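In what follows, a single structure is set out as C-alpha cells and then discussed.
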Amino acid sequence: MLPVVGGEIWSGTASFRGKHAAQRDLAHGHYVILAYGLPPAGVVEYAQIMRQKYGVEYRQVAACIVSQSLVSYADAYDEVSGPEIRKKFGQDIFTDSWNEATKEFREKHKADLQNVSHSE
C-alpha cells in the first residue's frame, strides 16, 4: 500500500515541484521552456533559434502520451519561467521565434511541401 500512496503524493506535488525547479533554474541563469505533445513542424528550428539567439533551452519532455502529473509539472514550470524569459528578452520572444522558425522550416522543405500538395 505504501508505494501507491507514495506515488499519489509524488503525483500530487507535480505542480509544486515544477515551480520550484523553474525558480532554481532561473536563479542559476538557466532559461528553459518545457513542451509536451506531438511536436509541430518547425520545432527543431524553433529550438535552435531560442538557444542560439537567446540562450533559452526548449526541452520536449514528452510526445503524445503524457501523464497528468507531467502536464502539471511542465505547466507549472512554464508559468514561472515563461514570464521571466519574456521579461529578460521581450514580450514577443516566443511568437517572433516561432514565426522565424516556421519561415525557416518552409524554406528548407519547400520542395517537399510542393511535392505533397501536387500529389493530392
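Ligands are numbered from 1 in the order shown, residues from 1 within each chain, and chains are lettered A, B, ... in the order they appear in the C-alpha cells.
When the distance limit is 6 Å and only C-alpha atoms are what count, the residues near Val32 of chain A, minus those fewer than 6 positions from it on the same chain, are Val56, Glu57 and Tyr58 of chain A.
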With a distance cut-off of 9 Å and only C-alpha atoms, select the neighbouring residues of Ser72 of chain A, excluding the residue or stretch itself and same-chain residues fewer than 2 positions from it, and output the selection as a PyMOL selection string. chain A and resi 11-16+18+67-70+74-77
Filtering to C-alpha atoms, could you give me those residues as a PDB file, in the first residue's frame?
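The result, stored in part30.pdb:
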ATOM      1  CA  SER A  11       1.966  12.987  -8.492  1.00  0.00           C
ATOM      2  CA  GLY A  12       0.061  15.444  -6.322  1.00  0.00           C
ATOM      3  CA  THR A  13       3.167  17.556  -5.798  1.00  0.00           C
ATOM      4  CA  ALA A  14       3.982  17.860  -9.520  1.00  0.00           C
ATOM      5  CA  SER A  15       2.883  21.485  -9.754  1.00  0.00           C
ATOM      6  CA  PHE A  16       4.896  22.476  -6.682  1.00  0.00           C
ATOM      7  CA  GLY A  18       7.649  22.264 -11.404  1.00  0.00           C
ATOM      8  CA  SER A  67       0.578  11.775 -17.721  1.00  0.00           C
ATOM      9  CA  GLN A  68      -1.463  14.324 -15.802  1.00  0.00           C
ATOM     10  CA  SER A  69       1.437  14.608 -13.372  1.00  0.00           C
ATOM     11  CA  LEU A  70       3.837  15.572 -16.167  1.00  0.00           C
ATOM     12  CA  ALA A  74       5.519  21.251 -17.144  1.00  0.00           C
ATOM     13  CA  ASP A  75       2.691  23.784 -16.994  1.00  0.00           C
ATOM     14  CA  ALA A  76       3.768  24.970 -13.536  1.00  0.00           C
ATOM     15  CA  TYR A  77       7.395  25.165 -14.677  1.00  0.00           C
TER      16      TYR A  77
END
Using only C-alpha atoms, determine which residues lie at most 12 Å from Arg86 of chain A, disregarding the query and same-chain residues fewer than 3 positions distant; provide the list as a list in words.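 Listing them by chain and then by number gives Tyr31, Val32, Ile33, Tyr54, Val56, Asp78, Glu79, Val80, Ser81, Gly82, Pro83, Phe89, Gly90, Gln91, Asp92, Ile93, Phe94, Thr95 and Asp96 of chain A.
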Print the selection's residues with all heavy atoms to a file, as a compact mmCIF listing (two decimals), in the first residue's frame.
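The resulting part-v9.txt:
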# COMPACT_ATOMS: atom_id res chain seq x y z
N TYR A 31 17.55 29.42 -18.57
CA TYR A 31 16.24 29.74 -19.11
C TYR A 31 15.76 28.56 -19.93
O TYR A 31 16.39 28.19 -20.92
CB TYR A 31 16.30 31.02 -19.95
CG TYR A 31 16.66 32.22 -19.12
CD1 TYR A 31 17.99 32.62 -18.98
CD2 TYR A 31 15.67 32.93 -18.46
CE1 TYR A 31 18.32 33.71 -18.19
CE2 TYR A 31 15.99 34.03 -17.68
CZ TYR A 31 17.31 34.40 -17.55
OH TYR A 31 17.63 35.49 -16.77
N VAL A 32 14.66 27.95 -19.49
CA VAL A 32 14.15 26.73 -20.10
C VAL A 32 12.64 26.82 -20.26
O VAL A 32 11.95 27.35 -19.39
CB VAL A 32 14.49 25.49 -19.22
CG1 VAL A 32 13.97 24.20 -19.84
CG2 VAL A 32 15.99 25.40 -18.94
N ILE A 33 12.16 26.30 -21.38
CA ILE A 33 10.73 26.14 -21.62
C ILE A 33 10.49 24.65 -21.84
O ILE A 33 11.22 24.01 -22.61
CB ILE A 33 10.27 26.94 -22.85
CG1 ILE A 33 10.20 28.42 -22.51
CG2 ILE A 33 8.92 26.47 -23.37
CD1 ILE A 33 9.14 28.78 -21.49
N TYR A 54 18.99 33.50 -27.87
CA TYR A 54 18.65 33.94 -26.52
C TYR A 54 19.26 33.10 -25.39
O TYR A 54 19.17 33.48 -24.23
CB TYR A 54 17.12 33.96 -26.34
CG TYR A 54 16.42 34.77 -27.40
CD1 TYR A 54 15.74 34.15 -28.44
CD2 TYR A 54 16.45 36.16 -27.36
CE1 TYR A 54 15.10 34.89 -29.42
CE2 TYR A 54 15.81 36.92 -28.34
CZ TYR A 54 15.14 36.27 -29.37
OH TYR A 54 14.51 37.01 -30.34
N VAL A 56 18.00 30.27 -24.53
CA VAL A 56 16.85 29.61 -23.92
C VAL A 56 16.78 28.19 -24.43
O VAL A 56 16.82 27.95 -25.64
CB VAL A 56 15.53 30.36 -24.24
CG1 VAL A 56 14.33 29.60 -23.72
CG2 VAL A 56 15.57 31.77 -23.67
N ASP A 78 6.56 26.21 -16.69
CA ASP A 78 6.45 27.27 -17.70
C ASP A 78 5.74 28.51 -17.18
O ASP A 78 6.02 29.62 -17.64
CB ASP A 78 5.75 26.74 -18.96
CG ASP A 78 6.60 25.75 -19.74
OD1 ASP A 78 7.82 25.64 -19.46
OD2 ASP A 78 6.05 25.07 -20.62
N GLU A 79 4.83 28.34 -16.21
CA GLU A 79 4.17 29.51 -15.61
C GLU A 79 5.17 30.40 -14.87
O GLU A 79 4.96 31.61 -14.75
CB GLU A 79 3.08 29.06 -14.63
CG GLU A 79 1.84 28.53 -15.30
CD GLU A 79 0.83 27.94 -14.30
OE1 GLU A 79 1.00 28.16 -13.07
OE2 GLU A 79 -0.09 27.25 -14.75
N VAL A 80 6.24 29.79 -14.40
CA VAL A 80 7.29 30.56 -13.72
C VAL A 80 8.34 31.04 -14.72
O VAL A 80 8.71 32.21 -14.74
CB VAL A 80 7.96 29.70 -12.60
CG1 VAL A 80 9.17 30.41 -12.02
CG2 VAL A 80 6.95 29.36 -11.52
N SER A 81 8.81 30.15 -15.58
CA SER A 81 9.91 30.51 -16.48
C SER A 81 9.46 31.41 -17.63
O SER A 81 10.21 32.32 -18.02
CB SER A 81 10.59 29.25 -17.04
OG SER A 81 9.73 28.54 -17.91
N GLY A 82 8.27 31.20 -18.16
CA GLY A 82 7.80 31.99 -19.31
C GLY A 82 7.82 33.49 -19.06
O GLY A 82 8.40 34.25 -19.84
N PRO A 83 7.20 33.97 -17.98
CA PRO A 83 7.22 35.41 -17.70
C PRO A 83 8.63 35.97 -17.49
O PRO A 83 8.92 37.09 -17.91
CB PRO A 83 6.38 35.55 -16.44
CG PRO A 83 5.47 34.37 -16.45
CD PRO A 83 6.28 33.26 -17.07
N PHE A 89 13.93 38.97 -22.35
CA PHE A 89 14.19 39.02 -23.78
C PHE A 89 13.12 39.73 -24.60
O PHE A 89 13.27 39.90 -25.80
CB PHE A 89 14.38 37.61 -24.33
CG PHE A 89 15.52 36.88 -23.70
CD1 PHE A 89 15.30 35.85 -22.80
CD2 PHE A 89 16.83 37.22 -24.01
CE1 PHE A 89 16.35 35.17 -22.21
CE2 PHE A 89 17.91 36.54 -23.42
CZ PHE A 89 17.66 35.52 -22.53
N GLY A 90 12.04 40.12 -23.96
CA GLY A 90 10.99 40.82 -24.68
C GLY A 90 9.71 40.01 -24.74
O GLY A 90 9.72 38.78 -24.82
N GLN A 91 8.62 40.73 -24.69
CA GLN A 91 7.29 40.12 -24.62
C GLN A 91 7.00 39.17 -25.78
O GLN A 91 6.29 38.19 -25.62
CB GLN A 91 6.24 41.23 -24.57
CG GLN A 91 4.87 40.78 -24.16
CD GLN A 91 4.81 40.23 -22.75
OE1 GLN A 91 5.60 40.55 -21.88
NE2 GLN A 91 3.85 39.37 -22.51
N ASP A 92 7.55 39.46 -26.96
CA ASP A 92 7.20 38.68 -28.16
C ASP A 92 8.21 37.60 -28.50
O ASP A 92 8.19 37.07 -29.62
CB ASP A 92 7.03 39.63 -29.35
CG ASP A 92 5.89 40.60 -29.16
OD1 ASP A 92 4.90 40.24 -28.48
OD2 ASP A 92 5.99 41.73 -29.67
N ILE A 93 9.10 37.27 -27.59
CA ILE A 93 10.16 36.30 -27.88
C ILE A 93 9.62 34.98 -28.45
O ILE A 93 10.13 34.46 -29.43
CB ILE A 93 11.06 36.02 -26.66
CG1 ILE A 93 12.13 34.97 -27.01
CG2 ILE A 93 10.26 35.60 -25.44
CD1 ILE A 93 13.11 34.67 -25.90
N PHE A 94 8.57 34.46 -27.87
CA PHE A 94 8.06 33.15 -28.30
C PHE A 94 7.40 33.25 -29.67
O PHE A 94 7.67 32.43 -30.56
CB PHE A 94 7.10 32.57 -27.26
CG PHE A 94 7.76 32.35 -25.92
CD1 PHE A 94 7.37 33.09 -24.81
CD2 PHE A 94 8.78 31.44 -25.76
CE1 PHE A 94 7.98 32.91 -23.58
CE2 PHE A 94 9.40 31.24 -24.54
CZ PHE A 94 8.99 31.98 -23.44
N THR A 95 6.57 34.25 -29.87
CA THR A 95 5.88 34.44 -31.16
C THR A 95 6.88 34.75 -32.26
O THR A 95 6.83 34.15 -33.35
CB THR A 95 4.84 35.57 -31.05
OG1 THR A 95 3.91 35.23 -30.02
CG2 THR A 95 4.11 35.76 -32.36
N ASP A 96 7.78 35.68 -32.00
CA ASP A 96 8.76 36.05 -33.02
C ASP A 96 9.65 34.87 -33.39
O ASP A 96 9.94 34.64 -34.56
CB ASP A 96 9.62 37.23 -32.54
CG ASP A 96 8.85 38.52 -32.43
OD1 ASP A 96 7.70 38.60 -32.94
OD2 ASP A 96 9.38 39.48 -31.82
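Take the candidates A:Lys88, A:His20, A:Lys110, A:Arg59 and check each one against Leu34 of chain A using only C-alpha atoms; the shortest distance goes to A:Arg59.
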Within segment 29-115 of chain A, find each residue whose DSSP state, derived from the backbone, is strand (DSSP E or B), and express the selection as a ChimeraX atom specification. /A:31-36,56-62
Selection: 9 Å around Ile49 of chain A, only C-alpha atoms, excl. self and same-chain fewer than 3 positions, as a list in words: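 The neighbour list is Val44, Glu45, Tyr46, Gln52, Lys53, Tyr54, Gly55, Val56, Ser97, Trp98, Glu100 and Ala101 of chain A.
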Expressed in Å to a single decimal, how great is the separation between atom CA of Gly42 of chain A and atom CA of His30 of chain A?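 Between these atoms lies a distance of 23.2 Å.
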Could you please determine the separation between atom CA of Ala63 of chain A and atom CA of Ala22 of chain A in Å, to one decimal place?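 Result for atom CA of Ala63 of chain A versus atom CA of Ala22 of chain A: 20.7 Å, one decimal.
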Pairwise distance for atom CA of Glu84 of chain A and atom CA of Arg24 of chain A, rounded to one decimal in Å: 12.5 Å
Please identify the alpha helix (DSSP H) residues within segment 33-84 of chain A (assignment by DSSP from backbone atoms) and present them as a list in words. Val43, Val44, Glu45, Tyr46, Ala47, Gln48, Ile49, Gln68, Ser69, Leu70, Val71, Ser72, Tyr73, Ala74, Asp75, Ala76, Tyr77, Asp78, Glu79, Val80, Ser81, Gly82, Pro83 and Glu84 of chain A
